[in-house]
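Engineer: For reference, the file query19.txt (compact mmCIF, C-alpha atoms) is included below:
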# COMPACT_ATOMS: atom_id res chain seq x y z
CA MET A 102 -9.92 5.63 5.92
CA LYS A 103 -8.55 3.38 3.18
CA ALA A 104 -11.03 3.44 0.36
CA TYR A 105 -10.46 0.38 -1.75
CA PRO A 106 -11.71 -0.51 -5.20
CA ARG A 107 -13.22 -3.46 -6.94
CA PHE A 108 -10.87 -6.30 -7.70
CA PRO A 109 -10.29 -7.55 -11.23
CA ARG A 110 -12.13 -10.76 -11.91
CA PHE A 111 -10.02 -13.82 -12.48
CA GLY A 112 -11.45 -16.96 -13.97
CA ALA A 113 -12.02 -19.93 -11.70
CA GLY A 114 -9.29 -21.87 -13.49
CA LEU A 115 -6.66 -19.19 -12.89
CA LEU A 116 -7.68 -18.78 -9.26
CA ALA A 117 -7.46 -22.53 -8.72
CA CYS A 118 -3.98 -22.58 -10.24
CA LEU A 119 -2.85 -19.77 -7.97
CA LEU A 120 -4.11 -21.55 -4.91
CA LEU A 121 -2.49 -24.84 -5.87
CA LEU A 122 0.99 -23.42 -6.45
CA PRO A 123 3.51 -25.19 -4.19
CA LEU A 124 4.57 -23.28 -1.14
CA SER A 125 8.25 -23.89 -1.78
CA LEU A 126 9.41 -20.32 -1.29
CA ALA A 127 12.17 -20.71 1.24
CA THR A 128 13.18 -17.78 3.36
CA ALA A 129 15.68 -15.71 1.41
CA ALA A 130 17.82 -12.70 2.11
CA ILE A 131 16.34 -9.41 0.97
CA PRO A 132 18.08 -8.42 -2.29
CA ALA A 133 20.33 -5.41 -1.82
CA ASN A 134 20.16 -2.42 -4.12
CA PRO A 135 23.33 -0.52 -5.08
CA ALA A 136 21.95 2.68 -3.55
CA GLY A 137 21.93 1.07 -0.10
CA PHE A 138 18.28 1.94 0.52
CA VAL A 139 17.50 -0.75 3.09
CA ILE A 140 13.98 -1.19 4.46
CA ARG A 141 12.19 -3.88 6.41
CA ARG A 142 9.36 -2.56 8.60
CA GLY A 143 7.42 0.64 8.07
CA THR A 144 4.11 2.44 8.26
CA ASN A 145 2.11 4.88 6.12
CA LEU A 146 1.87 8.53 7.17
CA SER A 147 -1.58 8.83 5.66
CA HIS A 148 -4.22 11.59 5.83
CA TRP A 149 -1.59 14.29 6.07
CA LEU A 150 -0.28 15.30 2.64
CA SER A 151 -2.66 12.83 1.00
CA GLN A 152 -6.37 12.16 1.53
CA ASP A 153 -6.46 14.90 4.14
CA PHE A 154 -9.94 14.84 5.68
CA ASN A 155 -9.15 17.65 8.15
CA TRP A 156 -9.40 15.35 11.11
CA GLN A 157 -6.78 17.50 12.82
CA PRO A 158 -4.64 20.47 11.76
CA ARG A 159 -1.60 19.25 9.85
CA ALA A 160 0.75 20.70 12.43
CA GLN A 161 -0.81 18.39 15.03
CA TRP A 162 -1.44 15.25 12.97
CA ILE A 163 2.25 14.48 12.34
CA THR A 164 4.99 16.02 14.47
CA GLU A 165 8.68 15.50 15.15
CA GLN A 166 7.75 13.36 18.15
CA ASP A 167 5.97 10.87 15.90
CA PHE A 168 9.23 9.99 14.15
CA ALA A 169 10.97 9.43 17.46
CA PHE A 170 8.08 7.20 18.54
CA LEU A 171 8.29 5.15 15.33
CA ALA A 172 12.02 4.62 15.70
CA ARG A 173 11.59 3.53 19.33
CA SER A 174 8.82 1.13 18.32
CA GLY A 175 11.00 -0.76 15.84
CA PHE A 176 10.06 0.78 12.49
CA ASP A 177 12.88 1.57 10.08
CA HIS A 178 11.04 3.59 7.43
CA VAL A 179 7.90 5.50 6.58
CA ARG A 180 5.90 5.59 3.38
CA LEU A 181 4.86 9.20 2.84
CA PRO A 182 1.81 9.48 0.55
CA ILE A 183 1.37 12.83 -1.20
CA ASP A 184 -1.44 13.99 -3.52
CA GLU A 185 -1.21 16.38 -6.42
CA LYS A 186 -4.13 18.41 -5.05
CA GLU A 187 -2.34 18.82 -1.71
CA MET A 188 1.08 19.65 -3.16
CA TRP A 189 0.13 21.76 -6.18
CA HIS A 190 -2.57 24.37 -6.70
CA GLU A 191 -5.01 23.93 -9.58
CA ASN A 192 -3.01 26.37 -11.67
CA GLY A 193 0.01 24.07 -11.36
CA SER A 194 2.01 26.21 -8.96
CA PRO A 195 3.50 24.45 -5.94
CA ASN A 196 1.80 24.68 -2.57
CA GLU A 197 4.90 25.83 -0.74
CA PRO A 198 3.67 25.12 2.82
CA ALA A 199 2.95 21.52 1.80
CA PHE A 200 6.39 21.15 0.22
CA ALA A 201 7.93 22.59 3.37
CA LEU A 202 6.11 19.98 5.46
CA MET A 203 7.31 17.18 3.19
CA LEU A 204 10.91 18.30 3.47
CA GLN A 205 10.56 18.81 7.21
CA ALA A 206 9.17 15.30 7.59
CA ILE A 207 12.10 13.85 5.66
CA GLY A 208 14.47 15.75 7.92
CA TRP A 209 12.73 14.47 11.04
CA ALA A 210 12.83 10.92 9.70
CA ARG A 211 16.51 11.07 8.83
CA ALA A 212 17.32 12.46 12.27
CA GLN A 213 15.80 9.29 13.74
CA GLY A 214 17.51 6.96 11.27
CA LEU A 215 14.26 6.30 9.39
CA ARG A 216 14.21 6.02 5.62
CA VAL A 217 11.40 7.56 3.56
CA ILE A 218 9.46 6.45 0.50
CA VAL A 219 7.78 9.46 -1.11
CA ASP A 220 4.63 8.01 -2.70
CA LEU A 221 2.68 9.98 -5.31
CA HIS A 222 -0.64 8.67 -4.10
CA THR A 223 -3.22 10.39 -6.31
CA VAL A 224 -3.11 12.92 -9.13
CA ARG A 225 -5.96 14.95 -10.57
CA THR A 226 -6.23 12.63 -13.57
CA HIS A 227 -6.02 9.39 -11.60
CA HIS A 228 -7.48 8.15 -8.32
CA PHE A 229 -7.22 4.50 -7.34
CA ASN A 230 -10.81 4.46 -6.05
CA ALA A 231 -12.46 6.45 -8.83
CA VAL A 232 -14.69 3.51 -9.78
CA ASN A 233 -16.33 3.61 -6.34
CA GLU A 234 -16.44 7.38 -5.93
CA GLY A 235 -18.07 8.43 -9.16
CA GLY A 236 -14.84 9.70 -10.63
CA HIS A 237 -13.27 9.10 -14.02
CA ASN A 238 -9.57 8.56 -14.66
CA THR A 239 -8.12 10.07 -17.82
CA LEU A 240 -4.41 9.52 -17.20
CA PHE A 241 -4.01 6.47 -19.39
CA ASN A 242 -5.74 7.80 -22.49
CA ASP A 243 -4.59 11.43 -22.44
CA PRO A 244 -1.00 12.16 -23.58
CA LYS A 245 -1.17 15.63 -22.01
CA ALA A 246 -2.11 14.12 -18.65
CA GLN A 247 0.78 11.68 -18.91
CA ALA A 248 3.21 14.48 -19.71
CA ALA A 249 1.87 16.43 -16.73
CA PHE A 250 2.31 13.36 -14.52
CA ILE A 251 5.95 13.04 -15.53
CA GLY A 252 6.29 16.78 -14.97
CA LEU A 253 5.22 16.33 -11.35
CA TRP A 254 8.09 13.91 -10.83
CA GLN A 255 10.51 16.27 -12.49
CA GLN A 256 9.42 18.94 -10.02
CA LEU A 257 9.66 16.51 -7.10
CA SER A 258 13.13 15.51 -8.20
CA ALA A 259 14.17 19.17 -8.23
CA ARG A 260 13.12 19.40 -4.57
CA LEU A 261 14.45 16.03 -3.45
CA ARG A 262 17.49 15.17 -5.54
CA ASP A 263 19.89 16.40 -2.84
CA GLN A 264 18.52 13.82 -0.40
CA PRO A 265 20.87 10.81 -0.04
CA VAL A 266 19.87 7.87 -2.22
CA ASN A 267 20.22 5.55 0.77
CA ALA A 268 17.69 7.60 2.74
CA VAL A 269 14.89 8.58 0.34
CA ALA A 270 13.16 6.60 -2.45
CA TYR A 271 10.35 7.47 -4.87
CA GLU A 272 7.19 5.44 -5.42
CA ILE A 273 6.05 6.51 -8.86
CA MET A 274 2.29 6.07 -8.34
CA ASN A 275 -0.02 4.37 -5.91
CA GLU A 276 -2.35 1.62 -7.16
CA PRO A 277 -2.59 2.34 -10.89
CA VAL A 278 -5.89 1.32 -12.46
CA ALA A 279 -5.61 1.05 -16.24
CA ASP A 280 -7.97 -0.90 -18.50
CA ASP A 281 -4.94 -2.57 -20.11
CA HIS A 282 -1.75 -3.56 -18.29
CA GLU A 283 0.25 -2.18 -21.21
CA ASP A 284 -1.14 1.31 -20.61
CA TRP A 285 0.51 1.33 -17.19
CA ASN A 286 3.66 -0.38 -18.49
CA ARG A 287 4.17 2.38 -21.07
CA LEU A 288 3.87 5.05 -18.39
CA VAL A 289 6.33 3.15 -16.19
CA VAL A 290 8.88 3.20 -19.02
CA ALA A 291 8.37 6.91 -19.63
CA ALA A 292 8.52 7.88 -15.95
CA HIS A 293 11.54 5.68 -15.35
CA ALA A 294 13.42 7.24 -18.28
CA ALA A 295 12.56 10.78 -17.21
CA ILE A 296 13.68 10.29 -13.62
CA ARG A 297 16.81 8.40 -14.58
CA LYS A 298 17.95 11.39 -16.66
CA LEU A 299 17.83 13.44 -13.49
CA GLU A 300 18.75 10.88 -10.85
CA PRO A 301 20.59 7.79 -12.11
CA ASP A 302 20.92 6.18 -8.68
CA ARG A 303 17.64 6.92 -6.87
CA VAL A 304 15.67 3.86 -5.76
CA LEU A 305 12.32 3.75 -7.57
CA VAL A 306 9.35 1.75 -6.34
CA PHE A 307 6.96 0.30 -8.92
CA GLY A 308 3.70 -1.55 -8.30
CA SER A 309 1.56 -3.40 -10.80
CA ASN A 310 -1.65 -2.41 -12.54
CA ARG A 311 -5.05 -2.99 -10.92
CA TRP A 312 -4.36 -1.77 -7.40
CA GLN A 313 -0.99 -3.46 -7.03
CA ILE A 314 -2.56 -6.76 -6.03
CA PRO A 315 -0.17 -9.74 -6.03
CA GLN A 316 -1.92 -11.47 -8.93
CA THR A 317 -1.03 -8.68 -11.39
CA LEU A 318 2.65 -8.25 -10.58
CA PRO A 319 3.65 -10.82 -13.24
CA PHE A 320 2.17 -8.43 -15.84
CA LEU A 321 4.39 -5.51 -14.81
CA GLN A 322 7.14 -4.83 -17.33
CA VAL A 323 10.07 -3.84 -15.15
CA PRO A 324 12.83 -1.71 -16.74
CA ALA A 325 15.69 -4.10 -17.42
CA GLY A 326 19.16 -3.78 -15.98
CA ASP A 327 18.23 -1.39 -13.18
CA ARG A 328 19.05 -2.77 -9.74
CA ASN A 329 17.81 0.33 -7.93
CA ILE A 330 14.20 -0.77 -8.22
CA ILE A 331 11.91 -2.16 -5.53
CA LEU A 332 8.74 -3.99 -6.57
CA SER A 333 5.59 -3.22 -4.61
CA THR A 334 2.41 -5.12 -3.90
CA HIS A 335 -0.64 -4.40 -1.71
CA THR A 336 -3.10 -6.78 -0.13
CA TYR A 337 -6.25 -6.39 1.93
CA SER A 338 -7.38 -9.99 1.61
CA PRO A 339 -9.69 -11.37 2.89
CA PHE A 340 -11.53 -8.13 2.16
CA LEU A 341 -14.77 -8.99 3.94
CA PHE A 342 -12.74 -9.38 7.12
CA THR A 343 -10.24 -6.52 6.79
CA HIS A 344 -12.92 -4.02 5.75
CA TYR A 345 -15.74 -5.31 7.94
CA THR A 346 -18.68 -2.82 7.94
CA ALA A 347 -16.59 -0.16 6.16
CA ASN A 348 -19.21 2.32 5.03
CA TRP A 349 -17.35 3.23 1.81
CA THR A 350 -17.47 -0.32 0.39
CA PRO A 351 -20.29 -2.44 -1.05
CA THR A 352 -19.67 -5.05 1.67
CA LYS A 353 -21.13 -2.70 4.28
CA VAL A 354 -24.43 -4.53 3.72
CA TYR A 355 -23.05 -7.49 5.67
CA THR A 356 -23.13 -7.08 9.45
CA GLY A 357 -23.08 -10.73 10.50
CA ALA A 358 -20.19 -12.47 12.22
CA VAL A 359 -16.71 -12.56 10.68
CA HIS A 360 -13.73 -14.60 11.83
CA TYR A 361 -10.02 -15.14 11.39
CA PRO A 362 -8.40 -17.65 11.06
CA GLY A 363 -10.50 -20.05 8.99
CA PRO A 364 -13.45 -19.16 6.75
CA VAL A 365 -14.39 -15.52 7.25
CA ILE A 366 -18.14 -16.21 7.30
CA SER A 367 -20.33 -19.27 7.68
CA ALA A 368 -21.62 -21.18 4.69
CA ALA A 369 -25.18 -20.03 5.44
CA ASP A 370 -24.15 -16.36 5.64
CA TYR A 371 -22.14 -16.69 2.47
CA GLU A 372 -25.08 -18.11 0.53
CA SER A 373 -27.35 -15.41 1.91
CA LEU A 374 -24.90 -12.71 0.91
CA LYS A 375 -24.57 -14.13 -2.59
CA LYS A 376 -28.32 -13.88 -3.02
CA GLN A 377 -28.11 -10.15 -2.24
CA ASP A 378 -25.39 -9.62 -4.81
CA LYS A 379 -26.30 -7.49 -7.81
CA GLY A 380 -22.83 -7.52 -9.30
CA GLN A 381 -21.29 -5.40 -6.53
CA LEU A 382 -20.08 -8.04 -4.10
CA THR A 383 -18.63 -10.86 -6.18
CA ASP A 384 -15.09 -9.51 -6.28
CA PHE A 385 -15.07 -8.79 -2.56
CA ILE A 386 -16.52 -11.99 -1.09
CA GLY A 387 -15.20 -14.62 -3.47
CA THR A 388 -12.57 -15.91 -1.03
CA ALA A 389 -14.57 -15.46 2.17
CA ARG A 390 -15.10 -19.21 2.53
CA ASP A 391 -11.40 -20.08 2.09
CA ASN A 392 -9.47 -21.43 5.06
CA TRP A 393 -7.61 -18.23 5.92
CA GLY A 394 -4.40 -18.47 7.87
CA LYS A 395 -0.68 -18.26 7.20
CA GLN A 396 -0.77 -20.75 4.33
CA ARG A 397 -3.63 -19.00 2.57
CA ILE A 398 -1.95 -15.60 3.00
CA ALA A 399 1.24 -17.04 1.50
CA GLN A 400 -0.78 -18.33 -1.45
CA GLU A 401 -2.26 -14.87 -1.92
CA LEU A 402 1.18 -13.28 -2.06
CA GLU A 403 2.89 -16.01 -4.04
CA PRO A 404 2.52 -14.57 -7.58
CA ALA A 405 4.27 -11.39 -6.44
CA ILE A 406 6.93 -13.29 -4.50
CA ARG A 407 7.71 -15.46 -7.51
CA ARG A 408 7.99 -12.48 -9.86
CA ALA A 409 10.34 -10.64 -7.51
CA ARG A 410 12.50 -13.76 -7.18
CA GLU A 411 12.64 -14.14 -10.95
CA LEU A 412 13.91 -10.58 -11.31
CA GLY A 413 16.17 -10.66 -8.27
CA LEU A 414 14.56 -7.52 -6.84
CA GLN A 415 13.25 -6.71 -3.40
CA LEU A 416 9.51 -7.07 -2.88
CA TYR A 417 7.70 -4.58 -0.69
CA CYS A 418 4.15 -4.81 0.64
CA GLY A 419 3.44 -1.10 0.89
CA GLU A 420 -0.10 -1.51 2.23
CA PHE A 421 -2.02 -4.04 4.28
CA GLY A 422 -4.31 -3.68 7.26
CA CYS A 423 -7.52 -4.53 9.06
CA LEU A 424 -10.13 -2.28 10.63
CA PRO A 425 -10.76 -2.49 14.39
CA THR A 426 -14.42 -3.36 13.69
CA VAL A 427 -13.63 -7.09 13.95
CA THR A 428 -13.01 -9.06 17.13
CA ARG A 429 -9.74 -7.82 18.58
CA ALA A 430 -8.21 -11.26 19.06
CA ASP A 431 -8.95 -12.12 15.43
CA ARG A 432 -7.54 -8.81 14.23
CA LEU A 433 -4.27 -9.28 16.09
CA ALA A 434 -4.00 -12.87 14.86
CA TYR A 435 -4.34 -11.60 11.29
CA TYR A 436 -1.56 -9.05 11.77
CA ARG A 437 0.75 -11.61 13.37
CA ASP A 438 0.17 -14.08 10.54
CA ILE A 439 0.58 -11.69 7.62
CA VAL A 440 3.74 -10.18 9.08
CA ALA A 441 5.13 -13.66 9.73
CA VAL A 442 4.48 -14.70 6.13
CA MET A 443 6.06 -11.56 4.71
CA GLU A 444 9.14 -11.82 6.86
CA GLU A 445 9.54 -15.53 6.15
CA HIS A 446 9.62 -14.73 2.42
CA GLY A 447 11.84 -11.67 2.60
CA LEU A 448 9.25 -8.94 2.02
CA ALA A 449 9.66 -5.50 3.48
CA TRP A 450 6.34 -4.00 4.56
CA ALA A 451 4.48 -0.89 5.66
CA ASN A 452 1.14 -1.29 7.37
CA TRP A 453 -1.78 0.95 6.49
CA GLU A 454 -1.53 3.10 8.55
CA TYR A 455 0.06 5.20 11.30
CA LYS A 456 -2.96 7.28 12.33
CA GLY A 457 -6.54 6.79 11.17
CA ASP A 458 -9.18 4.09 11.29
CA PHE A 459 -6.64 1.36 10.39
CA GLY A 460 -3.94 2.97 12.52
CA ILE A 461 -1.60 1.88 15.27
CA PHE A 462 -3.19 4.42 17.58
CA GLU A 463 -6.64 4.03 19.10
CA TRP A 464 -9.19 5.42 16.68
CA HIS A 465 -12.16 7.35 18.05
CA GLY A 466 -14.42 7.29 15.03
CA GLY A 467 -17.17 9.32 16.62
CA ASN A 468 -15.11 12.50 16.61
CA MET A 469 -12.38 11.38 14.17
CA THR A 470 -9.49 11.62 16.61
CA THR A 471 -6.71 9.33 17.76
CA GLY A 472 -6.07 8.10 21.27
CA ALA A 473 -3.14 6.29 22.84
CA PRO A 474 -0.77 4.03 20.92
CA ASP A 475 -2.24 0.54 20.43
CA THR A 476 0.60 -1.40 22.01
CA GLY A 477 -1.06 -4.74 21.27
CA LEU A 478 -1.20 -3.97 17.57
CA ILE A 479 2.37 -2.67 17.53
CA ASP A 480 3.50 -5.85 19.30
CA ALA A 481 1.68 -7.94 16.68
CA LEU A 482 3.42 -6.03 13.88
CA MET A 483 6.80 -6.40 15.52
CA SER A 484 6.31 -10.03 16.56
CA GLY A 485 8.80 -11.19 13.94
CA ALA A 486 11.52 -9.03 15.45
CA LYS A 487 11.23 -10.88 18.74
CA LYS A 488 11.95 -14.33 17.34
Once more with this new file: its structure as C-alpha cells, please.
Structural biologist:
Amino acid sequence: MKAYPRFPRFGAGLLACLLLLPLSLATAAIPANPAGFVIRRGTNLSHWLSQDFNWQPRAQWITEQDFAFLARSGFDHVRLPIDEKEMWHENGSPNEPAFALMLQAIGWARAQGLRVIVDLHTVRTHHFNAVNEGGHNTLFNDPKAQAAFIGLWQQLSARLRDQPVNAVAYEIMNEPVADDHEDWNRLVVAAHAAIRKLEPDRVLVFGSNRWQIPQTLPFLQVPAGDRNIILSTHTYSPFLFTHYTANWTPTKVYTGAVHYPGPVISAADYESLKKQDKGQLTDFIGTARDNWGKQRIAQELEPAIRRARELGLQLYCGEFGCLPTVTRADRLAYYRDIVAVMEEHGLAWANWEYKGDFGIFEWHGGNMTTGAPDTGLIDALMSGAKK
C-alpha cells in the first residue's frame, strides 16, 4: 500500500504556466555517469525491509527466484526501500538479520545482472506520510536528528562500500517533506559531503522536497561538479484515478466513475465532490478535469525533465503506479502512456511496486496475498522495449 501525502498548493498562475510550457523536449540519450551505473527499467521491492505489514514472512515475500523472474521479464534494476525501524533497533544497534537480507538481495540481484538502488525510505524522525498518519517529523529542525540521519548512511556505507559502484547506488532519502526547500537542501549538502568522504565514486540519487514531485525539482540545490548523481522524481498524477477508493487517502469518499484517458471524472461529479471538500480534497482533485493522456503526463513531468537537462544529469522516476480498483483497460492504458512518455524523454523508471496492492502480481486484498504475475501489466510496462 503506497500511502501518499497532500500535495503542495501552487497558485493558479504557476499551474497555468506549467501546463502551457512547450512540449519541445526531444528524445535524448540518457546521460552517462562515470561510475557506469546504468539503469532504465526497474521496480520497487516494497513491504519487505520497508513498510513491512507482515503480509507474508520475509523469507517468502522476496526470494532468489524473484530476481530471476525480474531479469527474465525485462527489468534491469530494483529499487530496494529500507526503513530505519526495520534495519536498526530503537537503541541504535543494527538488526543483523535485516542487514543480512539486504546483502543477500544485492547478491541475488547481481547474479541476475540487475543493479540495485538502496533507498532509505523512512527514518524515525521523518516519514513522508506523517501529515496523514498523525505523525510529526522533527528531522529538519533538530540538529541531533540530522546528525543521526547522516550516521545511518555512514553505517550503510560501511556495509556496502565493497559493492561495485556500477552495480549499487544509494538514494539518500525517500520523499522529503520540509516546510522550506532550503531545509532539505542543507541536509543534501551535508549528506553528500559525508558520503563522498567515504565513497568518492558511488552514484547518489537525490529527489526534491515535497514528495519528489516534478514541480519541486527546480528548487533542489544539486551539489555542483559531481557527475555521479541521478536526479529522482515521483508522480501519481492524476491522483483521483491512480488512488481510486484507496482507504488511506481523503479521496476515498469518492466512489463514482473514473476514467483514463481524458478527464478523470465528469463535470457534475467534480462539482459535487468540490462541495464536499472541507480543505482535504483540493490538492488531490485539482487536475481531475484535465484532459489526461500522453501530452498531459509529459506536461506533468516537464519541470523535472527541464531541470535534469539543464544540469546534464540522468532523471529517474523512482515511483509511479495505479491501483487495480479502476477499470483494467484504463489502468493498462495509463501504464502504457506514462512509460512511453518517460522513455521518449530519456527517464529511467521503477514502478511502484513489485508485490502489493499496486504490484505486478495479482493482489488478493481480502487476505493480503499475491497471486500469479500480471502479464498484462508487465507487458504494458515493457511496451516501449518492443518498439
Engineer: Using all atoms listed in the file, which of A:Val269, A:Leu414, A:Ile131, A:Val290 sits nearest Asn329 of chain A?
Structural biologist: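 Closest to Asn329 of chain A of all the choices is A:Leu414.
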Engineer: Distance atom CA of Glu420 of chain A-atom CA of Pro301 of chain A, one decimal place?
Structural biologist: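 So the two atoms, atom CA of Glu420 of chain A and atom CA of Pro301 of chain A, lie 26.8 Å apart.
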Engineer: In terms of the shortest atom-to-atom distance over only C-alpha atoms, which of A:Leu478, A:Ile183, A:Ala136, A:Ala409 is closest to Asp302 of chain A?
Structural biologist: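 Smallest distance to Asp302 of chain A is found for A:Ala136.
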Engineer: Under the rule that only C-alpha atoms are counted, which of A:Arg260, A:Thr226, A:Leu215, A:Phe138 is the nearest residue to Phe200 of chain A?
Structural biologist: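 Nearest candidate to Phe200 of chain A out of A:Arg260, A:Thr226, A:Leu215, A:Phe138: A:Arg260.
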Engineer: Using only C-alpha atoms for the distances, tell me which of A:Ile386, A:Ala430, A:Val442, A:Cys423 is nearest to Glu403 of chain A.
Structural biologist: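 That would be A:Val442, the residue with the smallest distance to Glu403 of chain A.
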Engineer: Each residue of segment 162-245 of chain A with at least one atom at most 12 Å from segment 461-465 of chain A should appear once, together with its nearest atom pair and the corresponding distance in Å (one decimal); atoms considered: all atoms listed in the file; ordering: chain, then increasing residue number; output as CSV.
Structural biologist:
residue,atom,partner,partner_atom,distance
A:Trp162,CA,A:Phe462,CA,11.9
A:Asp167,CA,A:Phe462,CA,11.3
A:Phe170,CA,A:Ile461,CA,11.5
A:Leu171,CA,A:Ile461,CA,10.4
A:Ser174,CA,A:Ile461,CA,10.9
Engineer: What is the atom CA of Gly467 of chain A-atom CA of Pro158 of chain A distance in Å, reported with one decimal?
Structural biologist: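 So the two atoms, atom CA of Gly467 of chain A and atom CA of Pro158 of chain A, lie 17.5 Å apart.
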